[in-house]
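Visitor: I'm passing along entry-v2.csv; it holds CSV, C-alpha atoms.
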```
chain,number,residue,atom,x,y,z
A,876,MET,CA,0.0,0.0,0.0
A,877,THR,CA,2.7,2.4,1.0
A,878,ALA,CA,4.8,1.4,-2.0
A,879,ASN,CA,2.0,2.3,-4.4
A,880,ARG,CA,1.3,5.6,-2.9
A,881,ARG,CA,2.0,8.4,-5.3
A,882,ARG,CA,4.7,10.8,-4.1
A,883,ARG,CA,3.7,14.4,-3.8
A,884,ARG,CA,5.6,16.6,-6.3
A,885,ARG,CA,7.2,19.5,-4.6
A,886,ILE,CA,6.9,22.8,-6.6
A,887,ARG,CA,10.2,24.5,-6.5
A,888,PRO,CA,10.5,28.3,-7.2
A,889,PRO,CA,12.5,29.1,-10.3
A,890,SER,CA,16.2,29.5,-9.6
A,891,ASN,CA,16.7,32.2,-12.2
A,892,PRO,CA,16.2,35.7,-10.6
A,893,SER,CA,14.9,37.1,-13.9
A,894,THR,CA,12.2,34.4,-14.0
A,895,ARG,CA,11.2,35.1,-10.4
A,896,MET,CA,10.9,38.8,-11.1
A,897,LEU,CA,8.8,38.1,-14.2
A,898,LEU,CA,6.4,36.0,-12.2
A,899,VAL,CA,6.1,38.7,-9.5
A,900,LEU,CA,5.4,41.3,-12.2
A,901,ARG,CA,2.7,39.2,-13.8
A,902,GLY,CA,1.0,38.5,-10.5
A,903,THR,CA,1.1,42.3,-9.7
A,904,VAL,CA,-0.4,43.1,-13.1
A,905,LEU,CA,-3.2,40.6,-12.7
A,906,CYS,CA,-4.1,41.9,-9.2
A,907,THR,CA,-4.2,45.5,-10.6
A,908,VAL,CA,-6.4,44.5,-13.5
A,909,PHE,CA,-9.0,42.8,-11.3
A,910,THR,CA,-9.0,45.8,-8.9
A,911,LEU,CA,-9.6,48.2,-11.9
A,912,LEU,CA,-12.4,46.0,-13.2
A,913,ILE,CA,-14.2,46.0,-9.9
A,914,LYS,CA,-13.9,49.8,-9.7
A,915,ALA,CA,-15.1,50.2,-13.3
A,916,ASP,CA,-18.0,47.9,-12.5
A,917,ALA,CA,-19.0,49.9,-9.4
A,918,PHE,CA,-18.7,53.2,-11.3
A,919,ALA,CA,-20.7,51.9,-14.3
A,920,PHE,CA,-23.7,50.9,-12.1
A,921,ARG,CA,-24.2,54.3,-10.3
A,922,PRO,CA,-27.9,55.3,-10.6
A,923,THR,CA,-28.1,57.8,-13.5
A,924,ASP,CA,-28.8,57.6,-17.2
A,925,GLY,CA,-28.7,53.8,-17.6
A,926,TYR,CA,-27.9,53.7,-21.3
A,927,ASN,CA,-25.0,56.1,-21.1
A,928,MET,CA,-23.7,54.3,-18.0
A,929,MET,CA,-23.8,50.9,-19.7
A,930,ARG,CA,-21.9,52.3,-22.7
A,931,ARG,CA,-19.3,53.8,-20.3
A,932,ARG,CA,-19.1,50.5,-18.6
A,933,SER,CA,-18.4,48.7,-21.8
A,934,PHE,CA,-15.8,51.2,-22.9
A,935,LEU,CA,-14.1,51.1,-19.5
A,936,THR,CA,-14.1,47.4,-19.3
A,937,TRP,CA,-12.7,47.1,-22.9
A,938,ASP,CA,-9.9,49.6,-22.2
A,939,VAL,CA,-8.9,47.9,-19.0
A,940,LEU,CA,-9.0,44.4,-20.6
A,941,SER,CA,-7.0,45.6,-23.6
A,942,GLY,CA,-4.3,47.2,-21.5
A,943,ALA,CA,-4.2,44.0,-19.3
A,944,VAL,CA,-3.8,41.8,-22.4
A,945,LEU,CA,-1.0,43.9,-23.7
A,946,LEU,CA,0.8,44.0,-20.3
A,947,ILE,CA,0.5,40.3,-19.7
A,948,ALA,CA,1.6,39.5,-23.2
A,949,THR,CA,4.7,41.7,-22.8
A,950,LEU,CA,5.6,40.3,-19.4
A,951,GLY,CA,4.8,36.7,-20.4
A,952,SER,CA,6.9,36.7,-23.5
A,953,SER,CA,10.1,34.8,-23.5
A,954,PRO,CA,13.2,36.8,-22.7
A,955,PRO,CA,15.3,37.8,-25.7
A,956,ALA,CA,18.2,35.6,-26.8
A,957,HIS,CA,20.8,38.1,-25.5
A,958,ALA,CA,19.2,38.0,-22.0
A,959,ALA,CA,20.1,34.3,-21.7
A,960,GLU,CA,22.8,33.4,-19.2
A,961,GLU,CA,26.2,32.9,-20.6
A,962,PRO,CA,27.8,29.4,-20.2
A,963,PRO,CA,30.1,29.3,-17.1
A,964,GLU,CA,33.3,29.2,-19.2
A,965,CYS,CA,32.3,32.6,-20.9
A,966,ARG,CA,31.1,34.5,-17.8
A,967,ASN,CA,32.7,37.7,-16.6
A,968,GLY,CA,34.5,38.2,-19.9
A,969,ALA,CA,36.6,35.0,-19.4
A,970,ILE,CA,39.5,34.3,-21.7
A,971,VAL,CA,39.2,30.9,-23.3
A,972,ALA,CA,41.2,28.7,-25.6
A,973,GLU,CA,40.9,29.2,-29.4
A,974,SER,CA,40.9,26.7,-32.2
A,975,GLN,CA,42.2,27.4,-35.7
A,976,VAL,CA,39.6,27.5,-38.5
A,977,PRO,CA,40.3,28.3,-42.2
A,978,GLY,CA,41.5,31.9,-42.3
A,979,ALA,CA,40.9,32.7,-38.7
A,980,TYR,CA,40.6,31.5,-35.1
A,981,GLN,CA,37.5,30.7,-33.1
A,982,GLN,CA,36.3,29.9,-29.6
A,983,ILE,CA,33.1,28.9,-28.0
A,984,CYS,CA,32.2,32.3,-26.6
A,985,MET,CA,32.1,33.8,-30.1
A,986,GLU,CA,28.9,31.8,-30.8
A,987,LEU,CA,27.0,33.7,-28.2
A,988,PRO,CA,24.7,36.6,-29.3
A,989,THR,CA,26.0,38.8,-26.5
A,990,ARG,CA,28.7,38.9,-23.8
A,991,THR,CA,28.7,40.8,-20.5
A,992,ILE,CA,32.0,42.3,-19.6
A,993,PRO,CA,32.5,43.7,-16.1
A,994,ILE,CA,34.5,46.9,-15.4
A,995,GLN,CA,35.9,46.3,-12.0
A,996,SER,CA,37.1,49.7,-11.0
A,997,THR,CA,33.7,51.4,-11.7
A,998,GLY,CA,31.3,48.5,-10.9
A,999,ASP,CA,29.8,48.8,-14.4
A,1000,ALA,CA,29.2,46.0,-16.9
A,1001,LEU,CA,29.2,46.3,-20.7
A,1002,THR,CA,26.8,44.3,-22.8
A,1003,ILE,CA,28.4,43.6,-26.1
A,1004,SER,CA,26.5,42.2,-29.1
A,1005,GLN,CA,28.4,39.9,-31.4
A,1006,GLY,CA,27.7,39.6,-35.1
A,1007,THR,CA,28.6,35.9,-34.9
A,1008,GLY,CA,25.9,34.9,-32.4
A,1009,THR,CA,23.9,32.0,-33.6
A,1010,GLY,CA,21.0,33.3,-31.5
A,1011,THR,CA,20.8,36.4,-33.6
A,1012,GLY,CA,20.9,34.9,-37.1
A,1013,GLY,CA,24.7,34.8,-37.2
A,1014,THR,CA,26.6,31.7,-38.4
A,1015,GLY,CA,28.9,31.5,-35.4
A,1016,SER,CA,31.8,32.0,-37.7
A,1017,VAL,CA,34.4,34.8,-37.9
A,1018,GLN,CA,35.8,33.7,-41.2
A,1019,GLY,CA,36.3,36.8,-43.3
A,1020,ARG,CA,34.7,39.1,-40.7
A,1021,THR,CA,36.9,38.9,-37.7
A,1022,GLY,CA,35.8,42.2,-36.2
A,1023,VAL,CA,32.3,41.1,-35.3
A,1024,ALA,CA,33.3,39.0,-32.3
A,1025,VAL,CA,34.9,39.7,-28.9
A,1026,TRP,CA,38.5,38.4,-29.0
A,1027,ASN,CA,40.8,37.5,-26.1
A,1028,SER,CA,43.1,40.4,-27.0
A,1029,SER,CA,40.2,42.9,-26.7
A,1030,LEU,CA,39.2,41.4,-23.3
A,1031,LEU,CA,42.8,41.7,-22.2
A,1032,LEU,CA,43.2,45.3,-23.4
A,1033,THR,CA,40.0,46.2,-21.6
A,1034,ARG,CA,41.3,44.6,-18.4
A,1035,LEU,CA,44.5,46.5,-18.7
A,1036,LEU,CA,42.7,49.9,-19.0
A,1037,ASP,CA,40.6,48.9,-16.1
A,1038,ALA,CA,43.6,47.9,-14.0
A,1039,ILE,CA,45.4,51.2,-14.8
A,1040,SER,CA,42.3,53.1,-13.7
A,1041,ALA,CA,41.9,51.0,-10.5
A,1042,GLN,CA,45.5,51.8,-9.6
A,1043,GLU,CA,44.9,55.5,-10.2
A,1044,ILE,CA,42.1,55.4,-7.7
A,1045,LYS,CA,44.6,54.2,-5.1
A,1046,GLN,CA,47.3,56.7,-6.1
A,1047,PRO,CA,48.2,58.6,-9.3
A,1048,MET,CA,50.2,56.5,-11.7
A,1049,LEU,CA,51.4,59.2,-14.1
A,1050,ARG,CA,54.5,61.2,-13.5
A,1051,GLN,CA,52.5,64.4,-13.7
A,1052,GLY,CA,49.9,63.0,-11.3
A,1053,SER,CA,47.2,63.2,-13.9
A,1054,SER,CA,45.0,60.3,-15.3
A,1055,PHE,CA,45.8,58.1,-18.3
A,1056,LEU,CA,42.3,58.2,-19.6
A,1057,LYS,CA,40.2,60.8,-17.7
A,1058,GLY,CA,39.4,63.9,-19.7
A,1059,LYS,CA,41.3,62.6,-22.7
A,1060,THR,CA,40.4,62.0,-26.4
A,1061,VAL,CA,40.9,58.3,-27.1
A,1062,MET,CA,41.0,56.6,-30.5
A,1063,GLU,CA,40.8,52.9,-30.9
A,1064,LEU,CA,42.1,51.4,-34.2
A,1065,GLY,CA,40.5,48.2,-35.3
A,1066,CYS,CA,37.8,48.5,-32.7
A,1067,GLY,CA,35.8,45.4,-33.7
A,1068,THR,CA,32.7,45.2,-31.4
A,1069,GLY,CA,33.9,48.4,-29.6
A,1070,LEU,CA,34.5,46.8,-26.3
A,1071,ALA,CA,37.7,48.6,-25.4
A,1072,SER,CA,36.4,51.9,-26.6
A,1073,LEU,CA,33.3,51.6,-24.5
A,1074,ALA,CA,35.5,50.7,-21.5
A,1075,ALA,CA,37.6,53.8,-22.1
A,1076,ALA,CA,34.5,55.9,-21.9
A,1077,LYS,CA,33.3,54.2,-18.7
A,1078,LEU,CA,36.8,54.8,-17.3
A,1079,GLY,CA,36.5,58.6,-17.8
A,1080,ALA,CA,37.7,59.5,-21.3
A,1081,SER,CA,35.9,62.6,-22.4
A,1082,ARG,CA,35.7,61.6,-26.1
A,1083,VAL,CA,36.2,58.2,-27.7
A,1084,ILE,CA,36.5,57.6,-31.4
A,1085,ALA,CA,36.1,53.9,-32.2
A,1086,THR,CA,37.4,53.2,-35.7
A,1087,ASP,CA,37.5,50.2,-38.0
A,1088,GLY,CA,38.0,49.6,-41.7
A,1089,ASN,CA,35.0,47.3,-42.1
A,1090,SER,CA,31.6,49.0,-42.5
A,1091,GLU,CA,29.7,46.0,-41.1
A,1092,VAL,CA,31.9,46.2,-38.0
A,1093,VAL,CA,31.3,49.9,-37.6
A,1094,GLN,CA,27.6,49.4,-37.7
A,1095,LEU,CA,27.9,46.7,-35.0
A,1096,THR,CA,30.0,49.2,-32.9
A,1097,LYS,CA,27.3,51.9,-33.3
A,1098,PHE,CA,24.7,49.4,-32.1
A,1099,ASN,CA,26.8,48.5,-29.0
A,1100,ILE,CA,27.4,52.2,-28.3
A,1101,ASP,CA,23.7,52.8,-28.2
A,1102,LYS,CA,23.0,49.7,-26.3
A,1103,ASN,CA,25.3,50.8,-23.5
A,1104,ASN,CA,24.0,54.4,-23.5
A,1105,LEU,CA,27.3,55.9,-24.4
A,1106,VAL,CA,26.3,58.0,-27.5
A,1107,ASP,CA,27.2,61.2,-25.8
A,1108,ASN,CA,31.0,60.6,-25.7
A,1109,VAL,CA,31.6,57.6,-28.0
A,1110,GLU,CA,31.4,57.7,-31.8
A,1111,ALA,CA,32.1,55.1,-34.4
A,1112,ALA,CA,33.8,55.9,-37.7
A,1113,GLU,CA,35.0,53.9,-40.6
A,1114,LEU,CA,38.8,54.4,-41.0
A,1115,LYS,CA,40.9,52.5,-43.5
A,1116,TRP,CA,44.5,52.8,-42.5
A,1117,GLY,CA,46.9,55.0,-44.4
A,1118,LEU,CA,48.1,58.6,-44.4
A,1119,LEU,CA,45.4,59.9,-46.7
A,1120,ASN,CA,42.4,58.6,-44.8
A,1121,ALA,CA,44.0,59.4,-41.4
A,1122,ALA,CA,44.2,63.1,-42.4
A,1123,ASP,CA,40.5,63.4,-41.3
A,1124,PHE,CA,41.6,62.8,-37.7
A,1125,PHE,CA,45.0,64.6,-37.8
A,1126,ASP,CA,46.4,65.4,-34.3
A,1127,GLU,CA,43.1,64.4,-32.6
A,1128,ALA,CA,44.1,61.6,-30.2
A,1129,ASP,CA,45.7,62.0,-26.8
A,1130,ILE,CA,45.7,58.2,-26.5
A,1131,ILE,CA,45.5,55.6,-29.2
A,1132,ILE,CA,44.6,52.0,-28.1
A,1133,GLY,CA,44.5,48.8,-30.1
A,1134,SER,CA,45.0,45.1,-29.9
A,1135,ASP,CA,45.8,42.3,-32.3
A,1136,LEU,CA,46.5,44.6,-35.3
A,1137,THR,CA,49.9,43.5,-36.4
A,1138,TYR,CA,49.3,39.9,-37.4
A,1139,ASN,CA,49.6,40.9,-41.1
A,1140,SER,CA,53.0,42.3,-42.0
A,1141,GLY,CA,51.4,43.8,-45.2
A,1142,THR,CA,49.6,46.4,-43.0
A,1143,TRP,CA,52.4,47.5,-40.8
A,1144,ARG,CA,53.3,50.6,-42.7
A,1145,VAL,CA,49.8,51.9,-43.2
A,1146,LEU,CA,49.0,51.2,-39.5
A,1147,ALA,CA,52.2,53.1,-38.4
A,1148,GLU,CA,51.2,56.0,-40.8
A,1149,THR,CA,47.8,56.2,-39.2
A,1150,MET,CA,49.1,56.2,-35.7
A,1151,GLY,CA,51.6,59.0,-36.5
A,1152,ALA,CA,48.9,61.1,-38.2
A,1153,VAL,CA,46.2,61.0,-35.6
A,1154,LEU,CA,48.4,61.1,-32.5
A,1155,LYS,CA,48.9,64.5,-30.8
A,1156,PRO,CA,52.6,65.5,-30.4
A,1157,ASP,CA,52.6,64.5,-26.8
A,1158,GLY,CA,50.2,61.7,-27.2
A,1159,LEU,CA,50.7,58.0,-26.4
A,1160,VAL,CA,49.9,54.7,-28.1
A,1161,LEU,CA,49.0,51.7,-25.9
A,1162,TYR,CA,49.1,48.6,-28.0
A,1163,LEU,CA,48.6,44.9,-26.9
A,1164,SER,CA,49.5,41.9,-29.0
A,1165,LEU,CA,48.4,38.4,-28.2
A,1166,GLY,CA,49.9,35.1,-29.5
A,1167,HIS,CA,47.9,32.7,-31.7
A,1168,SER,CA,48.8,29.3,-32.9
A,1169,GLY,CA,51.4,29.8,-35.7
A,1170,PHE,CA,52.2,33.4,-34.8
A,1171,ASN,CA,55.2,34.5,-32.8
A,1172,VAL,CA,54.3,37.6,-30.7
A,1173,SER,CA,57.9,38.8,-30.3
A,1174,GLY,CA,58.8,38.4,-33.9
A,1175,GLU,CA,55.6,40.1,-35.0
A,1176,LEU,CA,56.1,43.1,-32.8
A,1177,GLY,CA,59.8,43.3,-33.6
A,1178,GLY,CA,59.0,43.6,-37.3
A,1179,PHE,CA,56.3,46.2,-36.6
A,1180,LEU,CA,58.6,48.3,-34.5
A,1181,SER,CA,61.2,48.4,-37.2
A,1182,VAL,CA,58.6,50.0,-39.5
A,1183,VAL,CA,57.3,52.4,-36.8
A,1184,GLU,CA,60.6,54.2,-36.5
A,1185,SER,CA,60.5,55.2,-40.2
A,1186,GLU,CA,57.0,56.8,-39.7
A,1187,GLY,CA,58.0,59.2,-37.0
A,1188,LEU,CA,57.2,57.1,-33.9
A,1189,GLU,CA,59.4,55.6,-31.3
A,1190,LEU,CA,59.1,52.9,-28.6
A,1191,ILE,CA,58.8,54.3,-25.1
A,1192,ASP,CA,60.2,51.8,-22.6
A,1193,GLU,CA,60.5,51.9,-18.8
A,1194,SER,CA,63.9,53.5,-19.0
A,1195,SER,CA,62.6,56.5,-21.0
A,1196,ASP,CA,61.8,59.8,-19.3
A,1197,ARG,CA,58.6,59.7,-21.3
A,1198,TRP,CA,57.4,56.5,-19.7
A,1199,PRO,CA,54.0,57.4,-18.4
A,1200,PHE,CA,53.4,55.1,-15.4
A,1201,TYR,CA,55.0,55.8,-12.1
A,1202,MET,CA,54.0,54.8,-8.5
A,1203,ASP,CA,55.5,56.3,-5.4
A,1204,GLY,CA,58.2,57.9,-7.6
A,1205,SER,CA,59.3,54.6,-9.1
A,1206,VAL,CA,58.6,52.9,-12.5
A,1207,SER,CA,55.4,50.9,-12.7
A,1208,SER,CA,55.5,48.0,-15.2
A,1209,VAL,CA,52.4,47.7,-17.4
A,1210,SER,CA,53.3,44.1,-18.2
A,1211,ARG,CA,53.3,43.2,-14.4
A,1212,LEU,CA,50.0,45.0,-14.1
A,1213,LEU,CA,48.7,43.0,-17.0
A,1214,SER,CA,49.8,39.7,-15.4
A,1215,ARG,CA,47.6,40.4,-12.4
A,1216,CYS,CA,44.6,40.7,-14.7
A,1217,VAL,CA,44.4,37.0,-15.5
A,1218,SER,CA,43.6,33.9,-13.6
A,1219,ALA,CA,45.8,30.9,-13.5
A,1220,SER,CA,43.7,29.0,-16.0
A,1221,GLU,CA,43.6,32.1,-18.3
A,1222,ARG,CA,47.4,32.4,-18.0
A,1223,THR,CA,47.7,28.8,-19.2
A,1224,VAL,CA,45.6,29.6,-22.3
A,1225,LEU,CA,47.7,32.7,-23.1
A,1226,ASP,CA,51.0,31.0,-22.5
A,1227,SER,CA,50.1,28.1,-24.7
A,1228,ASN,CA,49.9,30.4,-27.7
A,1229,GLY,CA,53.0,32.6,-26.9
A,1230,GLY,CA,51.7,34.9,-24.3
A,1231,ALA,CA,50.9,38.7,-24.6
A,1232,ARG,CA,53.0,41.8,-25.0
A,1233,VAL,CA,52.2,45.4,-24.4
A,1234,ILE,CA,54.1,48.3,-25.9
A,1235,VAL,CA,53.9,52.1,-25.5
A,1236,LEU,CA,54.7,54.4,-28.5
A,1237,GLY,CA,55.0,58.1,-28.9
A,1238,ARG,CA,56.0,60.6,-31.6
A,1239,LYS,CA,59.7,61.2,-32.0
A,1240,LYS,CA,60.8,64.4,-30.3
A,1241,ARG,CA,62.5,66.9,-32.6
A,1242,LYS,CA,66.1,67.5,-31.6
```
Before anything else, please render the file you have as structure tokens.
Guide:
Amino acid sequence: MTANRRRRRRIRPPSNPSTRMLLVLRGTVLCTVFTLLIKADAFAFRPTDGYNMMRRRSFLTWDVLSGAVLLIATLGSSPPAHAAEEPPECRNGAIVAESQVPGAYQQICMELPTRTIPIQSTGDALTISQGTGTGTGGTGSVQGRTGVAVWNSSLLLTRLLDAISAQEIKQPMLRQGSSFLKGKTVMELGCGTGLASLAAAKLGASRVIATDGNSEVVQLTKFNIDKNNLVDNVEAAELKWGLLNAADFFDEADIIIGSDLTYNSGTWRVLAETMGAVLKPDGLVLYLSLGHSGFNVSGELGGFLSVVESEGLELIDESSDRWPFYMDGSVSSVSRLLSRCVSASERTVLDSNGGARVIVLGRKKRK
């Protein structure tokens, strides 16, 4: 008898906070609707002209019911694809292993319609739409359109900017005691989804120009700017590298940022020309390069630096009096700061492909 007794099913509340909030809202709306219907009923049956009151009752009831249907339909609809939770390996802007595909590299997080990237020093989070997301009609592929996904290099550059700003909160890092980003005009070259540009704006840059040579990528960046409510101080512009095109932004940037731009040696000269043209005389370039399977980071950067010098730029290292980062009167290493931005598992991912390098460039000083 006991063995055949049906077990009572326990109804568990949904674990997802968004789902719980949705149920609460729907319940609140239903209670409000019934309250309004009762009030409308009472109002409609007041002793006066019966015909007009019945008409008023029907109109009131119809209005209330129509509004209720619309509200419940809105609240009851499934959350959009981008609101879905990220898989654990992609959360908090995690850096994950890549695999090689024809003409590019790919990783699991690129298949998501959106990624949520935290900015630790401000407590903000950026929501970045990817043009590869299978949930938004994308193919999940970056082949031939690498700028439409969030790459590990962009995540690492964003963390570096965040770490610099976090350190400034504790004590000024610059020799002059000013901020690296706050109040500055920042230009990103090869912005892709716009992640690092949006982070720069959140970290205090007064004006950010996110540029890319691909029109599809620029449109995606504009979408992400609007999505994160940063239209007031971030703009997206198409910029194909080279002296002629860069003339439109001559001497505009206090700071140039970029990541993973030097993998193609055929673009080194036009990239250096662009940097030299848009950078202010006392401006700085913060550039991060990340290793990939088949690419040697040191060799890649060494080749680029040999071209940079012929375009009026020079490497600024920690021994230079132009090195921007100081703490307590002594040199602060950006590479050391960067190493603190990754977890042990992420460091393994980076090291397996040759690691990461950061360089600082500036215009050559006239003698």
Visitor: Could you check the closest approach to Ile1132 in chain A for each of A:Gly1174, A:Pro977, A:Gly1158, A:Gly1006 and tell me which residue wins, using all atoms listed in the file?
Guide: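 When distances to Ile1132 in chain A are compared using all atoms listed in the file, the smallest one comes from A:Gly1158.
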Visitor: Nearest to Arg990 in chain A among A:Val1061, A:Val1235, A:Val1183, A:Leu1070, with distances taken over only C-alpha atoms: which residue is it?
Guide: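 Closest to Arg990 in chain A of all the choices is A:Leu1070.
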Visitor: In Å, rounded to a single decimal, give me how far CA of Val1083 in chain A is from CA of Ala1112 in chain A.
Guide: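 Here the two named atoms are 10.5 Å from each other.
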Visitor: In Å, how far is it from CA of Arg1222 in chain A to CA of Glu1043 in chain A?
Guide: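 It comes out at 24.5 Å.
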Visitor: So what do you get for CA of Ile994 in chain A versus CA of Val971 in chain A, distance-wise?
Guide: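 Between these atoms lies a distance of 18.5 Å.
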Visitor: Restricting the calculation to only C-alpha atoms: of A:Thr1033, A:Ser974, A:Thr1068, A:Ser1194, which residue gets closest to Thr1007 in chain A?
Guide: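 Closest residue, counting only C-alpha atoms: A:Thr1068.
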